[in-house]
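Student: Right, I'll just put the structure down here and ask away after.
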Amino acid sequence: MAKPRLSTSYPDERGYFGPYGGRFVAETLMGPIEELERAYRKAQKSRQFRRELEQLLKDYCGRPTPLYHARRLSEELGGAQIYLKREDLLHTGAHKINNALGQALLTRRMGKPRVIAETGAGQHGVATATAAALLGLECVVYMGTEDMERQRLNVYRMRLLGAEVVGVDSGSRTLKDAINEALRDWVTNVETTHYILGSVLGPHPFPAMVRDFHSVIGEEARRQLREQTGRWEPDVAIACVGGGSNSIGLFRAFLDSRKVRLIGVEAGGSGGGLGEHAARFEGGSLGVLQGTRTLVLQDQAGQVAPTASVSAGLDYPAIGPEHVFLYERGRIEFTSADDARAVEAFHRLAHTEGILPALETAHAIAEVLELAPRLGRKQIVLVNLSGRGDKDVESVMAWDRRHGEQAAEDQEDPS
């Protein structure tokens, strides 16, 4: 009996990827979630919906994004040929607009005048505010105050686009807490509001729907590789993983080819202890968080652990359920890059290619810096450059200043 195709056979009708996923929400939200599922199924079959989304992605957002051969970085590392899928060149500066625009169009089809969203690094918030402005929807974005401080530029961008940005001062004041507040808002305003969830998280149908909107990334990359190299597939595909939207968007096109090695890179933070990182495959355990059954960083009592990362967009205690499913089936492998390696990779790509990657993406570049030199010169490494790093310049400046001062102190007092 043939094995089910990983790229098309999951989730099942209840929203499960094997034992992961599902729909764990309050009764109040069952109605709007079922309404969303019906609307999305109809939209998938609607030529008009698909045509409008494709046209906006092309003319408004700038798809297809280029596939760029990073020749200088490839030569400097002396191994594999590195190709960057330039999602950073999309309108708003990251892959997030693919999904935000798709869900905003669904909101209009459902006849709802208001959208809400959560954001960590600010890119999903900017994308949602942009889509809302384009379609004339009221928009409220929830953001942890810790993230607001380190992503001040994106906060101002959202407000320029007409969105209300609500600071969340509870818990760790980061992405998890922003999602909690967005869910509370949705429960209160289900008749008028759709929640544009930003990653492959949450209750069904969000993990599958967000994945589908981002699948254009891998589909384009596959065709572009064929045009540029004569090959349909890379040897390795690499992407950073927070919730997992940019990574599954790239990986899905190659899931059924076992010849392609798929690597997700999590946030290693500042250490290996619980609370010092956001690497779910390095200390996570099975749990239910914010509507889905997946791998969660939690203590022995089941309390969700704090997370830490130089990158606001990877600073989340859970991961999309499809990623856990694919990991257990040996299809995706996961590693992590700590803060220092991510910042170093940020500088390296800037110096060699003139590209400032988002700090999220810099985690994937950090893995490339280690892996590519060990591969042959005819091998191809495909990296999803999920966002641009303008938003992170202040954070990198602060990191460099802080660690430069520490290095100077260590030289003065080597003991």
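Every chain in the structure tokens has a letter given in the order shown (A, B, ...), and although residue numbers restart at 1 in each chain, ligands are simply numbered from 1 in the order shown.
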Residues of stretch 179-407 of chain A classed as helix (DSSP H, G or I) by DSSP on the backbone are to be reported as an MDAnalysis selection string.
Tutor: chainID A and resid 179:188 206:214 216:229 245:254 312:314 321:328 339:353 359:374 390:407
Student: If you run DSSP on the backbone, which residues of stretch 31-254 of chain A are strand (DSSP E), as a ChimeraX atom specification?
Tutor: /A:67-69,81-86,114-119,138-144,164-168,193-195,236-240
Student: Give me, as JSON lines, the closest atom pair and its distance (Å, one decimal) for every residue of stretch 262-313 of chain A within a cut-off of 8 Å of stretch 186-203 of chain A, counting only C-alpha atoms, rows sorted by chain and rising number.
Tutor:
```
{"residue": "A:Leu289", "atom": "CA", "partner": "A:Gly202", "partner_atom": "CA", "distance": 7.8}
{"residue": "A:Gln290", "atom": "CA", "partner": "A:Gly202", "partner_atom": "CA", "distance": 5.6}
{"residue": "A:Gly291", "atom": "CA", "partner": "A:Pro203", "partner_atom": "CA", "distance": 4.5}
{"residue": "A:Thr292", "atom": "CA", "partner": "A:Gly202", "partner_atom": "CA", "distance": 5.1}
```
Student: Near A:Asp88, within 6 Å and counting only C-alpha atoms, which residues show up once chain neighbours fewer than 5 positions away are dropped, as a ChimeraX atom specification?
Tutor: /A:93-94,386-388
Student: Give me a file of those residues, with N, CA and C atoms, as a PDB file, in the first residue's frame.
Tutor:
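Output contents, as saved in out35.pdb:
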```pdb
ATOM      1  N   GLY A  93       7.988  43.832   3.452  1.00  0.00           N
ATOM      2  CA  GLY A  93       9.301  43.397   3.891  1.00  0.00           C
ATOM      3  C   GLY A  93       9.419  41.992   4.434  1.00  0.00           C
ATOM      4  N   ALA A  94       8.382  41.163   4.268  1.00  0.00           N
ATOM      5  CA  ALA A  94       8.474  39.780   4.755  1.00  0.00           C
ATOM      6  C   ALA A  94       7.395  38.931   4.104  1.00  0.00           C
ATOM      7  N   SER A 386      13.242  35.068   4.815  1.00  0.00           N
ATOM      8  CA  SER A 386      11.833  35.343   5.105  1.00  0.00           C
ATOM      9  C   SER A 386      11.517  36.810   5.339  1.00  0.00           C
ATOM     10  N   GLY A 387      12.517  37.618   5.694  1.00  0.00           N
ATOM     11  CA  GLY A 387      12.228  39.028   5.927  1.00  0.00           C
ATOM     12  C   GLY A 387      13.489  39.869   5.933  1.00  0.00           C
ATOM     13  N   ARG A 388      13.310  41.168   5.787  1.00  0.00           N
ATOM     14  CA  ARG A 388      14.465  42.059   5.769  1.00  0.00           C
ATOM     15  C   ARG A 388      14.728  42.613   7.170  1.00  0.00           C
TER      16      ARG A 388
END
```
Student: Using only C-alpha atoms, determine which residues lie at most 12 Å from A:Arg184, disregarding the query and same-chain residues fewer than 6 positions distant; provide the list as a ChimeraX atom specification.
Tutor: /A:25-26,28-29,116-118,142,177-178,190,193,195,290
Student: Env of A:Gly284: 7 Å cut, atoms = only C-alpha atoms, seq-sep filter 6 positions within chain, self excluded. Answer as JSON, numbers by chain.
Tutor: {"A": [295, 296, 297, 298]}
Student: Can you build me a table of stretch 107-133 of chain A residues sitting at most 10 Å from stretch 159-168 of chain A, with the closest atom pair per residue and its distance in Å to one decimal, using only C-alpha atoms, sorted by chain and residue number, as JSON lines?
Tutor:
```
{"residue": "A:Val115", "atom": "CA", "partner": "A:Ala163", "partner_atom": "CA", "distance": 9.8}
{"residue": "A:Ile116", "atom": "CA", "partner": "A:Ala163", "partner_atom": "CA", "distance": 9.4}
{"residue": "A:Ala117", "atom": "CA", "partner": "A:Val165", "partner_atom": "CA", "distance": 9.7}
{"residue": "A:Glu118", "atom": "CA", "partner": "A:Val166", "partner_atom": "CA", "distance": 9.6}
{"residue": "A:Thr119", "atom": "CA", "partner": "A:Val165", "partner_atom": "CA", "distance": 9.9}
{"residue": "A:Gly125", "atom": "CA", "partner": "A:Val165", "partner_atom": "CA", "distance": 8.7}
{"residue": "A:Val126", "atom": "CA", "partner": "A:Leu161", "partner_atom": "CA", "distance": 8.0}
{"residue": "A:Ala127", "atom": "CA", "partner": "A:Leu161", "partner_atom": "CA", "distance": 9.8}
{"residue": "A:Thr128", "atom": "CA", "partner": "A:Ala163", "partner_atom": "CA", "distance": 8.8}
{"residue": "A:Ala129", "atom": "CA", "partner": "A:Ala163", "partner_atom": "CA", "distance": 5.6}
{"residue": "A:Thr130", "atom": "CA", "partner": "A:Leu161", "partner_atom": "CA", "distance": 6.3}
{"residue": "A:Ala131", "atom": "CA", "partner": "A:Leu161", "partner_atom": "CA", "distance": 9.4}
{"residue": "A:Ala132", "atom": "CA", "partner": "A:Ala163", "partner_atom": "CA", "distance": 8.3}
{"residue": "A:Ala133", "atom": "CA", "partner": "A:Leu161", "partner_atom": "CA", "distance": 6.5}
```
Student: Could you save those same residues with C-alpha atoms as a PDB file, in the first residue's frame?
Tutor:
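Okay, this is what ended up in selection_17.pdb:
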```
ATOM      1  CA  VAL A 115      -9.801  42.285  11.793  1.00  0.00           C
ATOM      2  CA  ILE A 116      -7.505  41.662  14.723  1.00  0.00           C
ATOM      3  CA  ALA A 117      -4.019  40.177  14.798  1.00  0.00           C
ATOM      4  CA  GLU A 118      -1.131  39.371  17.091  1.00  0.00           C
ATOM      5  CA  THR A 119       2.469  40.179  16.299  1.00  0.00           C
ATOM      6  CA  GLY A 125       1.150  43.192  12.299  1.00  0.00           C
ATOM      7  CA  VAL A 126       2.407  45.418   9.487  1.00  0.00           C
ATOM      8  CA  ALA A 127       1.153  42.949   6.871  1.00  0.00           C
ATOM      9  CA  THR A 128      -2.294  42.770   8.489  1.00  0.00           C
ATOM     10  CA  ALA A 129      -2.507  46.548   8.822  1.00  0.00           C
ATOM     11  CA  THR A 130      -1.521  46.857   5.166  1.00  0.00           C
ATOM     12  CA  ALA A 131      -4.133  44.358   3.969  1.00  0.00           C
ATOM     13  CA  ALA A 132      -6.774  46.026   6.142  1.00  0.00           C
ATOM     14  CA  ALA A 133      -5.960  49.456   4.718  1.00  0.00           C
TER      15      ALA A 133
END
```
Student: Write out as a ChimeraX atom specification which residues come within 7 Å of stretch 231-248 of chain A when counting only C-alpha atoms, dropping same-chain ones fewer than 6 positions away.
Tutor: /A:95,199-201,210-211,214,222-223,225,259-266,313-316,318-320,360-361,363-364,379-384,386
Student: Can you list, as a PyMOL selection string, every protein, DNA or RNA residue that comes within 9 Å of A:Met209 when you count only C-alpha atoms, leaving out same-chain residues fewer than 3 positions away?
Tutor: chain A and resi 37+40+99+103+200+204-206+212-214
Student: With N, CA and C atoms retained, write the just-selected residues as a CSV table (one decimal), in the first residue's frame.
Tutor:
```csv
chain,number,residue,atom,x,y,z
A,37,GLU,N,-13.9,27.9,8.5
A,37,GLU,CA,-13.5,26.7,7.7
A,37,GLU,C,-14.4,26.6,6.5
A,40,TYR,N,-13.3,29.2,3.9
A,40,TYR,CA,-12.1,28.9,3.3
A,40,TYR,C,-12.3,27.8,2.3
A,99,ASN,N,-0.2,35.5,3.7
A,99,ASN,CA,-1.3,35.0,4.5
A,99,ASN,C,-2.2,36.1,4.9
A,103,GLN,N,-6.2,36.1,4.2
A,103,GLN,CA,-7.2,36.1,5.2
A,103,GLN,C,-8.1,37.3,5.2
A,200,VAL,N,1.4,29.0,11.5
A,200,VAL,CA,0.7,27.8,11.4
A,200,VAL,C,0.4,27.2,12.8
A,204,HIS,N,-7.6,24.3,14.2
A,204,HIS,CA,-8.0,24.0,12.9
A,204,HIS,C,-9.1,25.0,12.5
A,205,PRO,N,-9.1,25.7,11.3
A,205,PRO,CA,-8.3,25.4,10.1
A,205,PRO,C,-7.0,26.2,10.0
A,206,PHE,N,-6.6,27.0,11.0
A,206,PHE,CA,-5.5,27.9,10.9
A,206,PHE,C,-4.2,27.3,10.4
A,212,ASP,N,-1.2,26.9,3.4
A,212,ASP,CA,-1.6,26.9,2.0
A,212,ASP,C,-1.3,28.3,1.4
A,213,PHE,N,-1.6,29.4,2.2
A,213,PHE,CA,-1.4,30.7,1.7
A,213,PHE,C,0.1,31.0,1.4
A,214,HIS,N,1.0,30.3,2.2
A,214,HIS,CA,2.4,30.5,2.0
A,214,HIS,C,3.1,29.4,1.1
```
Student: Suppose you want the space between atom CA of A:Asp299 and atom CA of A:Thr335; what is it in Å?
Tutor: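 Here the two named atoms are 21.2 Å from each other.
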